[in-house]
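What follows is the content of input16.pdb (PDB, C-alpha atoms).
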ATOM      1  CA  LEU A 147      25.192 -48.711   0.227
ATOM      2  CA  LEU A 148      27.573 -46.022   1.451
ATOM      3  CA  THR A 149      30.613 -48.266   1.040
ATOM      4  CA  LEU A 150      29.532 -49.402  -2.417
ATOM      5  CA  GLY A 151      29.120 -45.783  -3.456
ATOM      6  CA  GLU A 152      32.592 -44.939  -2.195
ATOM      7  CA  VAL A 153      34.065 -47.896  -4.097
ATOM      8  CA  HIS A 154      32.509 -46.599  -7.331
ATOM      9  CA  LEU A 155      33.718 -43.071  -6.582
ATOM     10  CA  ARG A 156      37.290 -44.269  -6.022
ATOM     11  CA  GLN A 157      37.084 -46.355  -9.189
ATOM     12  CA  HIS A 158      36.019 -43.260 -11.128
ATOM     13  CA  LEU A 159      38.969 -41.279  -9.771
ATOM     14  CA  THR A 160      41.523 -43.981 -10.587
ATOM     15  CA  ASP A 161      40.141 -45.033 -13.976
ATOM     16  CA  PRO A 162      42.759 -44.292 -16.693
ATOM     17  CA  ALA A 163      40.053 -43.327 -19.189
ATOM     18  CA  GLY A 164      39.896 -39.856 -20.710
ATOM     19  CA  ARG A 165      40.715 -37.102 -18.215
ATOM     20  CA  LEU A 166      39.909 -33.415 -17.928
ATOM     21  CA  PRO A 167      41.231 -30.739 -15.536
ATOM     22  CA  ASN A 168      39.228 -30.458 -12.317
ATOM     23  CA  LEU A 169      37.494 -27.198 -11.411
ATOM     24  CA  ALA A 170      39.506 -26.291  -8.369
ATOM     25  CA  THR A 171      42.183 -27.103  -5.986
ATOM     26  CA  ASN A 172      41.685 -29.988  -3.619
ATOM     27  CA  LEU A 173      40.748 -33.396  -4.941
ATOM     28  CA  PRO A 174      41.750 -36.276  -2.643
ATOM     29  CA  ALA A 175      45.486 -36.699  -2.076
ATOM     30  CA  GLY A 176      47.360 -37.832  -5.174
ATOM     31  CA  VAL A 177      44.504 -37.075  -7.569
ATOM     32  CA  THR A 178      45.045 -34.162  -9.938
ATOM     33  CA  ASN A 179      42.622 -35.039 -12.727
ATOM     34  CA  LEU A 180      39.148 -36.505 -12.983
ATOM     35  CA  ALA A 181      38.306 -39.456 -15.173
ATOM     36  CA  ALA A 182      35.780 -37.982 -17.571
ATOM     37  CA  GLY A 183      35.196 -41.234 -19.392
ATOM     38  CA  ALA A 184      34.204 -43.303 -16.374
ATOM     39  CA  THR A 185      30.692 -41.873 -16.184
ATOM     40  CA  ASN A 186      29.106 -45.194 -15.218
ATOM     41  CA  HIS A 187      31.112 -45.396 -11.999
ATOM     42  CA  LEU A 188      30.193 -41.823 -11.095
ATOM     43  CA  GLN A 189      26.496 -42.349 -11.763
ATOM     44  CA  ALA A 190      26.534 -45.619  -9.839
ATOM     45  CA  ALA A 191      28.209 -43.916  -6.878
ATOM     46  CA  LEU A 192      25.628 -41.140  -6.855
ATOM     47  CA  ALA A 193      22.781 -43.647  -7.024
ATOM     48  CA  HIS A 194      24.144 -45.523  -3.997
ATOM     49  CA  PHE A 195      24.527 -42.336  -1.968
ATOM     50  CA  ASP A 196      20.988 -41.233  -2.857
ATOM     51  CA  ARG A 197      19.573 -44.619  -1.835
ATOM     52  CA  PHE A 198      21.514 -44.511   1.432
ATOM     53  CA  LEU A 199      20.144 -41.087   2.336
ATOM     54  CA  SER A 200      16.596 -42.142   1.438
ATOM     55  CA  ALA A 201      16.815 -45.306   3.533
ATOM     56  CA  PHE A 202      18.746 -43.910   6.506
ATOM     57  CA  THR A 203      17.604 -40.316   6.853
ATOM     58  CA  ASN A 204      18.853 -39.861  10.425
ATOM     59  CA  SER A 205      22.028 -41.912  10.130
ATOM     60  CA  PRO A 206      25.150 -40.433  11.763
ATOM     61  CA  LEU A 207      26.835 -41.187   8.421
ATOM     62  CA  ALA A 208      24.446 -38.919   6.497
ATOM     63  CA  GLY A 209      26.966 -36.082   6.484
ATOM     64  CA  ARG A 210      29.565 -38.337   4.895
ATOM     65  CA  ALA A 211      27.075 -39.402   2.230
ATOM     66  CA  HIS A 212      26.272 -35.753   1.455
ATOM     67  CA  LEU A 213      29.996 -35.006   1.143
ATOM     68  CA  ASN A 214      30.404 -37.880  -1.304
ATOM     69  CA  ARG A 215      27.386 -36.670  -3.288
ATOM     70  CA  GLY A 216      29.035 -33.269  -3.452
ATOM     71  CA  TRP A 217      32.171 -34.816  -4.937
ATOM     72  CA  CYS A 218      30.083 -36.694  -7.507
ATOM     73  CA  PHE A 219      28.350 -33.526  -8.682
ATOM     74  CA  TRP A 220      31.648 -31.601  -8.603
ATOM     75  CA  LEU A 221      33.365 -34.187 -10.777
ATOM     76  CA  GLU A 222      30.446 -34.055 -13.200
ATOM     77  CA  GLY A 223      30.924 -30.301 -13.476
ATOM     78  CA  ASN A 224      27.520 -29.666 -11.854
ATOM     79  CA  VAL A 225      28.680 -26.942  -9.475
ATOM     80  CA  ALA A 226      25.181 -25.786  -8.508
ATOM     81  CA  ALA A 227      24.174 -29.269  -7.330
ATOM     82  CA  SER A 228      27.499 -29.791  -5.561
ATOM     83  CA  LEU A 229      26.920 -26.594  -3.589
ATOM     84  CA  GLY A 230      23.738 -27.981  -2.039
ATOM     85  CA  ALA A 231      25.381 -31.297  -1.229
ATOM     86  CA  PHE A 232      28.457 -29.697   0.364
ATOM     87  CA  GLN A 233      26.189 -27.405   2.384
ATOM     88  CA  ALA A 234      24.262 -30.439   3.671
ATOM     89  CA  ALA A 235      27.571 -32.111   4.542
ATOM     90  CA  VAL A 236      28.726 -29.100   6.559
ATOM     91  CA  THR A 237      25.384 -29.068   8.386
ATOM     92  CA  ASN A 238      25.393 -32.793   9.218
ATOM     93  CA  LEU A 239      29.058 -33.555   9.874
ATOM     94  CA  PRO A 240      30.590 -33.167  13.356
ATOM     95  CA  PRO A 241      33.895 -31.269  13.696
ATOM     96  CA  SER A 242      36.313 -33.461  11.723
ATOM     97  CA  ASP A 243      38.637 -33.645   8.737
ATOM     98  CA  GLU A 244      35.625 -34.398   6.538
ATOM     99  CA  ARG A 245      33.791 -31.298   7.728
ATOM    100  CA  ALA A 246      36.857 -29.163   6.971
ATOM    101  CA  VAL A 247      36.966 -30.556   3.429
ATOM    102  CA  ALA A 248      33.215 -30.006   3.044
ATOM    103  CA  THR A 249      33.588 -26.389   4.183
ATOM    104  CA  PHE A 250      36.378 -25.807   1.686
ATOM    105  CA  LYS A 251      34.424 -27.347  -1.181
ATOM    106  CA  LEU A 252      31.310 -25.383  -0.227
ATOM    107  CA  ALA A 253      33.380 -22.215  -0.500
ATOM    108  CA  ASP A 254      34.805 -23.408  -3.822
ATOM    109  CA  ALA A 255      31.316 -24.031  -5.203
ATOM    110  CA  GLN A 256      30.149 -20.610  -4.017
ATOM    111  CA  PHE A 257      33.199 -19.033  -5.659
ATOM    112  CA  TRP A 258      32.422 -20.663  -8.999
ATOM    113  CA  GLN A 259      28.787 -19.573  -8.644
ATOM    114  CA  ARG A 260      30.125 -16.025  -8.124
ATOM    115  CA  ASP A 261      28.699 -15.868  -4.611
ATOM    116  CA  HIS A 262      31.934 -14.322  -3.429
ATOM    117  CA  SER A 263      30.697 -12.921  -0.120
ATOM    118  CA  ASN A 264      29.640 -16.362   1.136
ATOM    119  CA  SER A 265      32.700 -18.033  -0.349
ATOM    120  CA  LEU A 266      34.908 -15.639   1.615
ATOM    121  CA  ARG A 267      32.940 -16.376   4.776
ATOM    122  CA  ASN A 268      33.432 -20.117   4.366
ATOM    123  CA  TYR A 269      37.116 -19.949   3.402
ATOM    124  CA  ARG A 270      37.669 -17.980   6.609
ATOM    125  CA  ALA A 271      35.546 -20.468   8.560
ATOM    126  CA  LEU A 272      37.785 -23.212   7.193
ATOM    127  CA  LEU A 273      40.871 -21.420   8.532
ATOM    128  CA  GLN A 274      39.268 -21.378  11.988
ATOM    129  CA  GLN A 275      38.351 -25.079  11.745
ATOM    130  CA  VAL A 276      41.906 -26.195  10.950
ATOM    131  CA  ALA A 277      43.580 -24.015  13.579
ATOM    132  CA  GLY A 278      45.739 -26.216  15.803
ATOM    133  CA  GLN A 279      45.636 -29.143  13.349
ATOM    134  CA  PRO A 280      49.030 -29.152  11.580
ATOM    135  CA  ARG A 281      48.185 -31.613   8.810
ATOM    136  CA  LEU A 282      44.942 -29.925   7.803
ATOM    137  CA  GLN A 283      46.567 -26.518   8.090
ATOM    138  CA  ARG A 284      49.375 -27.612   5.788
ATOM    139  CA  GLU A 285      47.001 -29.119   3.212
ATOM    140  CA  LEU A 286      44.102 -26.660   3.191
ATOM    141  CA  ALA A 287      45.114 -23.318   4.711
ATOM    142  CA  PRO A 288      47.419 -22.138   1.877
ATOM    143  CA  LEU A 289      44.740 -22.995  -0.675
ATOM    144  CA  ALA A 290      42.168 -21.099   1.373
ATOM    145  CA  TYR A 291      44.387 -18.001   1.485
ATOM    146  CA  TYR A 292      44.879 -18.173  -2.280
ATOM    147  CA  GLN A 293      41.134 -18.429  -2.836
ATOM    148  CA  ILE A 294      40.491 -15.612  -0.346
ATOM    149  CA  ALA A 295      42.812 -13.410  -2.388
ATOM    150  CA  ARG A 296      40.967 -14.346  -5.591
ATOM    151  CA  ALA A 297      37.504 -13.797  -4.113
ATOM    152  CA  SER A 298      38.566 -10.522  -2.475
ATOM    153  CA  LEU A 299      39.764  -9.191  -5.820
ATOM    154  CA  GLU A 300      36.488 -10.273  -7.431
ATOM    155  CA  VAL A 301      34.564  -8.037  -5.023
ATOM    156  CA  GLY A 302      37.065  -5.179  -5.297
ATOM    157  CA  ASP A 303      38.595  -5.687  -1.857
ATOM    158  CA  LEU A 304      42.283  -5.132  -2.628
ATOM    159  CA  ALA A 305      43.072  -4.673   1.070
ATOM    160  CA  GLY A 306      41.558  -8.081   1.873
ATOM    161  CA  ALA A 307      43.584  -9.715  -0.906
ATOM    162  CA  SER A 308      46.757  -8.044   0.387
ATOM    163  CA  THR A 309      46.042  -9.342   3.891
ATOM    164  CA  ALA A 310      45.655 -12.878   2.536
ATOM    165  CA  LEU A 311      48.974 -12.472   0.714
ATOM    166  CA  ARG A 312      50.762 -11.332   3.873
ATOM    167  CA  GLU A 313      49.347 -14.229   5.883
ATOM    168  CA  VAL A 314      50.159 -16.963   3.344
ATOM    169  CA  SER A 315      53.648 -15.487   2.823
ATOM    170  CA  ARG A 316      54.251 -15.426   6.571
ATOM    171  CA  ASP A 317      52.823 -18.827   7.479
ATOM    172  CA  TYR A 318      53.413 -20.877   4.303
ATOM    173  CA  PRO A 319      56.321 -19.284   2.401
ATOM    174  CA  HIS A 320      57.214 -22.540   0.639
ATOM    175  CA  SER A 321      53.683 -23.472  -0.460
ATOM    176  CA  VAL A 322      53.112 -23.869  -4.191
ATOM    177  CA  VAL A 323      50.358 -21.216  -4.012
ATOM    178  CA  THR A 324      52.378 -18.493  -2.262
ATOM    179  CA  ALA A 325      54.128 -17.236  -5.402
ATOM    180  CA  PRO A 326      50.904 -17.267  -7.494
ATOM    181  CA  THR A 327      49.175 -15.296  -4.721
ATOM    182  CA  LEU A 328      52.001 -12.752  -4.781
ATOM    183  CA  LEU A 329      51.701 -12.437  -8.560
ATOM    184  CA  LEU A 330      47.909 -12.189  -8.433
ATOM    185  CA  VAL A 331      47.853  -9.436  -5.822
ATOM    186  CA  GLY A 332      50.839  -7.650  -7.341
ATOM    187  CA  GLN A 333      49.067  -7.457 -10.698
ATOM    188  CA  ALA A 334      45.970  -6.061  -8.979
ATOM    189  CA  HIS A 335      48.020  -3.309  -7.333
ATOM    190  CA  LEU A 336      49.625  -2.519 -10.660
ATOM    191  CA  GLN A 337      46.226  -2.173 -12.323
ATOM    192  CA  VAL A 338      45.200   0.508  -9.839
ATOM    193  CA  GLY A 339      48.414   2.447 -10.309
ATOM    194  CA  GLN A 340      50.509   1.144  -7.418
ATOM    195  CA  PRO A 341      53.969  -0.020  -8.596
ATOM    196  CA  ALA A 342      54.357  -3.757  -8.139
ATOM    197  CA  GLU A 343      57.873  -3.242  -6.761
ATOM    198  CA  ALA A 344      56.542  -1.085  -3.905
ATOM    199  CA  VAL A 345      53.940  -3.692  -3.027
ATOM    200  CA  GLY A 346      56.630  -6.356  -3.031
ATOM    201  CA  GLU A 347      58.814  -4.335  -0.700
ATOM    202  CA  LYS A 348      55.958  -3.933   1.798
ATOM    203  CA  VAL A 349      55.429  -7.685   1.797
ATOM    204  CA  LEU A 350      59.135  -8.465   2.049
ATOM    205  CA  GLU A 351      59.487  -6.281   5.150
ATOM    206  CA  SER A 352      57.397  -8.854   7.048
ATOM    207  CA  LEU A 353      59.431 -11.874   5.854
ATOM    208  CA  ASP A 354      62.597 -13.412   7.254
ATOM    209  CA  PRO A 355      65.650 -13.897   4.944
ATOM    210  CA  ALA A 356      64.684 -17.459   3.988
ATOM    211  CA  GLN A 357      61.196 -16.333   3.010
ATOM    212  CA  GLN A 358      62.608 -13.383   1.070
ATOM    213  CA  LEU A 359      64.720 -15.804  -0.965
ATOM    214  CA  VAL A 360      61.519 -17.430  -2.230
ATOM    215  CA  GLY A 361      60.359 -14.030  -3.466
ATOM    216  CA  VAL A 362      63.701 -13.339  -5.165
ATOM    217  CA  VAL A 363      63.638 -16.682  -6.990
ATOM    218  CA  HIS A 364      60.038 -16.104  -8.063
ATOM    219  CA  ARG A 365      60.858 -12.646  -9.422
ATOM    220  CA  GLU A 366      63.817 -14.002 -11.393
ATOM    221  CA  LEU A 367      61.678 -16.797 -12.833
ATOM    222  CA  VAL A 368      59.105 -14.240 -13.976
ATOM    223  CA  ASN A 369      61.873 -12.189 -15.618
ATOM    224  CA  LEU A 370      63.338 -15.292 -17.231
ATOM    225  CA  MET A 371      60.017 -16.344 -18.766
ATOM    226  CA  GLY A 372      59.078 -12.961 -20.258
ATOM    227  CA  PRO A 373      58.365 -11.036 -22.336
ATOM    228  CA  VAL A 374      56.679 -13.488 -24.696
ATOM    229  CA  ASP A 375      54.866 -13.428 -28.014
ATOM    230  CA  HIS A 376      51.137 -13.697 -27.172
ATOM    231  CA  SER A 377      49.913 -14.085 -30.765
ATOM    232  CA  LEU A 378      48.582 -17.381 -32.114
ATOM    233  CA  HIS A 379      50.524 -18.877 -35.007
ATOM    234  CA  LEU A 380      48.003 -21.134 -36.746
ATOM    235  CA  GLN A 381      49.248 -22.920 -39.862
ATOM    236  CA  PRO A 382      46.592 -23.433 -42.572
ATOM    237  CA  GLY A 383      46.162 -27.055 -43.572
ATOM    238  CA  ARG A 384      48.081 -28.398 -40.589
ATOM    239  CA  THR A 385      47.210 -29.293 -37.010
ATOM    240  CA  THR A 386      48.402 -26.746 -34.456
ATOM    241  CA  VAL A 387      48.691 -28.038 -30.886
ATOM    242  CA  LEU A 388      48.191 -25.581 -28.018
ATOM    243  CA  MET A 389      48.849 -26.695 -24.430
ATOM    244  CA  LEU A 390      47.749 -24.735 -21.364
ATOM    245  CA  CYS A 391      49.614 -25.176 -18.090
ATOM    246  CA  GLY A 392      48.700 -23.682 -14.735
ATOM    247  CA  LEU A 393      47.790 -24.167 -11.104
ATOM    248  CA  GLN A 394      44.615 -26.091 -10.328
ATOM    249  CA  GLY A 395      41.700 -23.699 -10.115
ATOM    250  CA  SER A 396      43.456 -20.964 -12.101
ATOM    251  CA  GLY A 397      40.925 -21.104 -14.969
ATOM    252  CA  LYS A 398      42.552 -23.409 -17.534
ATOM    253  CA  THR A 399      39.297 -25.115 -18.568
ATOM    254  CA  THR A 400      37.430 -21.818 -18.977
ATOM    255  CA  THR A 401      40.340 -20.327 -20.913
ATOM    256  CA  CYS A 402      40.455 -23.386 -23.209
ATOM    257  CA  ALA A 403      36.754 -22.974 -24.017
ATOM    258  CA  LYS A 404      37.123 -19.246 -24.724
ATOM    259  CA  LEU A 405      40.197 -19.851 -26.842
ATOM    260  CA  ALA A 406      38.431 -22.606 -28.794
ATOM    261  CA  LYS A 407      35.477 -20.303 -29.486
ATOM    262  CA  ARG A 408      37.784 -17.539 -30.695
ATOM    263  CA  ILE A 409      39.711 -19.859 -33.016
ATOM    264  CA  HIS A 410      36.503 -21.435 -34.322
ATOM    265  CA  SER A 411      35.015 -18.010 -35.065
ATOM    266  CA  SER A 412      38.043 -17.253 -37.248
ATOM    267  CA  GLY A 413      37.218 -20.213 -39.481
ATOM    268  CA  HIS A 414      39.400 -22.961 -38.024
ATOM    269  CA  GLY A 415      38.353 -26.385 -36.778
ATOM    270  CA  VAL A 416      38.877 -26.998 -33.072
ATOM    271  CA  MET A 417      39.230 -30.081 -30.872
ATOM    272  CA  LEU A 418      39.541 -29.988 -27.071
ATOM    273  CA  VAL A 419      41.334 -32.904 -25.392
TER     274      VAL A 419
END

Give the structure from this file in structure tokens form.
Amino acid sequence: LLTLGEVHLRQHLTDPAGRLPNLATNLPAGVTNLAAGATNHLQAALAHFDRFLSAFTNSPLAGRAHLNRGWCFWLEGNVAASLGAFQAAVTNLPPSDERAVATFKLADAQFWQRDHSNSLRNYRALLQQVAGQPRLQRELAPLAYYQIARASLEVGDLAGASTALREVSRDYPHSVVTAPTLLLVGQAHLQVGQPAEAVGEKVLESLDPAQQLVGVVHRELVNLMGPVDHSLHLQPGRTTVLMLCGLQGSGKTTTCAKLAKRIHSSGHGVMLV
């Protein structure tokens, strides 16, 4: 039952049917989008995992089944249900790669449920779990620091976000999330009246020359891409295509929905793809 469920789950993830952006940052390696159209595979996977847990309540593989259930709910967009499943996975799994992933996804679900205090606790627990494990550190730690910065800002803890920025800049200067973390925290400092340049200088003091180069390139890219015209140019009687690009977990899906509502309220037809 467990294996059959995992086969259906993998089939769902690899199905080329219609795709939508995932809610956050760490689907299995090589997977950046979820197959929204393959609902039968996802429902079949969930049914197999539920039957397994009903039939083998005390199985040592129960934690793995809970983790898979969490992925099923997550891919459905049912964050509340995924939270319970990921929590059960953390409780039942022994120290392992799977438990680290479950901890991260539990924190992600808590973040999206706006339970930022517990999400911060679990992101930090994840950092402790992957300590001394180079592969897991490389794959999950930078993402955890980025999410810690986001959650810290949500609860008004600018100092905590700045600490996360310093740590990800020091330990993972070449990660794809380091520059977005710098931008995120820099904008927060700017909003409270602290010049972004001063914040940058404080961070750069802790970096070696190679790491500083990453910051210089990022700053030049920001300058190159702005300023921009933020207004919407909708042409009556014609189809206007708008494309949103951004890091996984940065809020593209939510922004698309808000943008669609705004355009629809102004009298235009809208289609989300």

Practice task
Identify, on the basis of only C-alpha atoms, every residue whose closest approach to Gln274 of chain A does not exceed 12 Å; exclude the query and any residue fewer than 5 positions from it along the same chain; express the result as a ChimeraX atom specification.
Solution key: /A:241,246,249-250,267-269,279,282-283,286-287,290

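Here the PyMOL selection byres ((chain A and resi 213-224) around 8) captures the residues Glu152, Leu155, Asn168, Leu169, Leu180, Ala182, Leu188, Gln189, Ala191, Leu192, Phe195, Asp196, Gly209, Arg210, Ala211, His212, Val225, Ala226, Ala227, Ser228, Leu229, Gly230, Ala231, Phe232, Ala234, Ala235, Glu244 and Ala248 of chain A.
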
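Residue nearest Gly413 of chain A within the list A:Gly383, A:Ala305, A:Tyr318, A:Thr401: A:Gly383 [criterion: smallest interatomic distance, all atoms listed in the file].
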
Practice task
Please write the residues picked by the PyMOL selection byres ((chain A and resi 147) around 6) on this file as a VMD selection string.
Solution key: chain A and resid 148 to 150 194 198

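If you look at atom CA of Trp258 of chain A and atom CA of Thr399 of chain A, they are 12.6 Å away from each other.
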
Practice task
Write out as a ChimeraX atom specification each polymer residue whose atoms come within 12 Å of Gly306 of chain A, counting only C-alpha atoms; drop sequence neighbours fewer than 4 positions from it.
Solution key: /A:266,270,291-302,310-313,331,334

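For the atom pair formed by atom CA of Leu336 of chain A and atom CA of Thr324 of chain A, the distance is 18.3 Å, given to one decimal.
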
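Going from atom CA of Ala193 of chain A to atom CA of Leu207 of chain A covers 16.2 Å.
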
Quick one: everything within 9 Å of Ala406 of chain A, counting all atoms listed in the file, minus sequence neighbours fewer than 4 positions away in the same chain. Send it as a PDB file with C-alpha atoms, keeping the file's coordinate frame.
ATOM      1  CA  THR A 401      40.340 -20.327 -20.913  1.00  0.00           C
ATOM      2  CA  CYS A 402      40.455 -23.386 -23.209  1.00  0.00           C
ATOM      3  CA  HIS A 410      36.503 -21.435 -34.322  1.00  0.00           C
ATOM      4  CA  SER A 411      35.015 -18.010 -35.065  1.00  0.00           C
ATOM      5  CA  GLY A 415      38.353 -26.385 -36.778  1.00  0.00           C
ATOM      6  CA  VAL A 416      38.877 -26.998 -33.072  1.00  0.00           C
ATOM      7  CA  MET A 417      39.230 -30.081 -30.872  1.00  0.00           C
ATOM      8  CA  LEU A 418      39.541 -29.988 -27.071  1.00  0.00           C
TER       9      LEU A 418
END

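Taking only C-alpha atoms into account, Gly395 of chain A lies nearest to A:Val323 out of the set A:Asn238, A:Ser263, A:Arg281, A:Val323.
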
Exercise for the section: Could you tell me which residues the PyMOL selection byres ((chain A and resi 380) around 12) grabs in this file, written as a ChimeraX atom specification? Expected result: /A:377-379,381-388,409-410,412-416

Only N, CA and C atoms needed: put segment 315-335 of chain A from the block into a file as a PDB file, in the first residue's frame.
ATOM      1  N   SER A 315      24.454  34.778   4.632  1.00  0.00           N
ATOM      2  CA  SER A 315      25.504  35.428   3.839  1.00  0.00           C
ATOM      3  C   SER A 315      26.874  34.856   4.164  1.00  0.00           C
ATOM      4  N   ARG A 316      27.075  34.509   5.425  1.00  0.00           N
ATOM      5  CA  ARG A 316      28.367  33.964   5.855  1.00  0.00           C
ATOM      6  C   ARG A 316      28.548  32.513   5.405  1.00  0.00           C
ATOM      7  N   ASP A 317      27.502  31.706   5.594  1.00  0.00           N
ATOM      8  CA  ASP A 317      27.646  30.268   5.356  1.00  0.00           C
ATOM      9  C   ASP A 317      27.293  29.838   3.938  1.00  0.00           C
ATOM     10  N   TYR A 318      26.399  30.592   3.260  1.00  0.00           N
ATOM     11  CA  TYR A 318      25.939  30.187   1.933  1.00  0.00           C
ATOM     12  C   TYR A 318      25.894  31.406   1.003  1.00  0.00           C
ATOM     13  N   PRO A 319      27.039  32.045   0.778  1.00  0.00           N
ATOM     14  CA  PRO A 319      27.046  33.289  -0.006  1.00  0.00           C
ATOM     15  C   PRO A 319      26.599  33.100  -1.451  1.00  0.00           C
ATOM     16  N   HIS A 320      26.746  31.885  -1.986  1.00  0.00           N
ATOM     17  CA  HIS A 320      26.402  31.654  -3.384  1.00  0.00           C
ATOM     18  C   HIS A 320      25.029  31.014  -3.560  1.00  0.00           C
ATOM     19  N   SER A 321      24.272  30.852  -2.480  1.00  0.00           N
ATOM     20  CA  SER A 321      22.937  30.272  -2.592  1.00  0.00           C
ATOM     21  C   SER A 321      22.008  31.220  -3.342  1.00  0.00           C
ATOM     22  N   VAL A 322      21.034  30.636  -4.043  1.00  0.00           N
ATOM     23  CA  VAL A 322      20.087  31.459  -4.800  1.00  0.00           C
ATOM     24  C   VAL A 322      19.184  32.286  -3.888  1.00  0.00           C
ATOM     25  N   VAL A 323      19.129  31.969  -2.587  1.00  0.00           N
ATOM     26  CA  VAL A 323      18.256  32.728  -1.688  1.00  0.00           C
ATOM     27  C   VAL A 323      19.005  33.797  -0.907  1.00  0.00           C
ATOM     28  N   THR A 324      20.333  33.861  -1.024  1.00  0.00           N
ATOM     29  CA  THR A 324      21.091  34.836  -0.245  1.00  0.00           C
ATOM     30  C   THR A 324      20.782  36.261  -0.685  1.00  0.00           C
ATOM     31  N   ALA A 325      20.808  36.517  -1.989  1.00  0.00           N
ATOM     32  CA  ALA A 325      20.499  37.859  -2.484  1.00  0.00           C
ATOM     33  C   ALA A 325      19.061  38.269  -2.165  1.00  0.00           C
ATOM     34  N   PRO A 326      18.049  37.399  -2.375  1.00  0.00           N
ATOM     35  CA  PRO A 326      16.690  37.776  -1.986  1.00  0.00           C
ATOM     36  C   PRO A 326      16.557  38.067  -0.490  1.00  0.00           C
ATOM     37  N   THR A 327      17.304  37.342   0.347  1.00  0.00           N
ATOM     38  CA  THR A 327      17.262  37.619   1.784  1.00  0.00           C
ATOM     39  C   THR A 327      17.831  38.997   2.069  1.00  0.00           C
ATOM     40  N   LEU A 328      18.934  39.327   1.399  1.00  0.00           N
ATOM     41  CA  LEU A 328      19.544  40.651   1.555  1.00  0.00           C
ATOM     42  C   LEU A 328      18.555  41.740   1.155  1.00  0.00           C
ATOM     43  N   LEU A 329      17.880  41.552   0.026  1.00  0.00           N
ATOM     44  CA  LEU A 329      16.915  42.538  -0.446  1.00  0.00           C
ATOM     45  C   LEU A 329      15.747  42.658   0.515  1.00  0.00           C
ATOM     46  N   LEU A 330      15.248  41.520   0.991  1.00  0.00           N
ATOM     47  CA  LEU A 330      14.108  41.501   1.899  1.00  0.00           C
ATOM     48  C   LEU A 330      14.410  42.262   3.186  1.00  0.00           C
ATOM     49  N   VAL A 331      15.547  41.956   3.788  1.00  0.00           N
ATOM     50  CA  VAL A 331      15.906  42.593   5.058  1.00  0.00           C
ATOM     51  C   VAL A 331      16.295  44.055   4.830  1.00  0.00           C
ATOM     52  N   GLY A 332      16.974  44.322   3.718  1.00  0.00           N
ATOM     53  CA  GLY A 332      17.330  45.706   3.419  1.00  0.00           C
ATOM     54  C   GLY A 332      16.108  46.582   3.260  1.00  0.00           C
ATOM     55  N   GLN A 333      15.076  46.080   2.595  1.00  0.00           N
ATOM     56  CA  GLN A 333      13.836  46.839   2.441  1.00  0.00           C
ATOM     57  C   GLN A 333      13.176  47.086   3.793  1.00  0.00           C
ATOM     58  N   ALA A 334      13.248  46.094   4.681  1.00  0.00           N
ATOM     59  CA  ALA A 334      12.651  46.253   6.011  1.00  0.00           C
ATOM     60  C   ALA A 334      13.367  47.344   6.800  1.00  0.00           C
ATOM     61  N   HIS A 335      14.692  47.376   6.718  1.00  0.00           N
ATOM     62  CA  HIS A 335      15.444  48.441   7.388  1.00  0.00           C
ATOM     63  C   HIS A 335      15.083  49.802   6.808  1.00  0.00           C
TER      64      HIS A 335
END
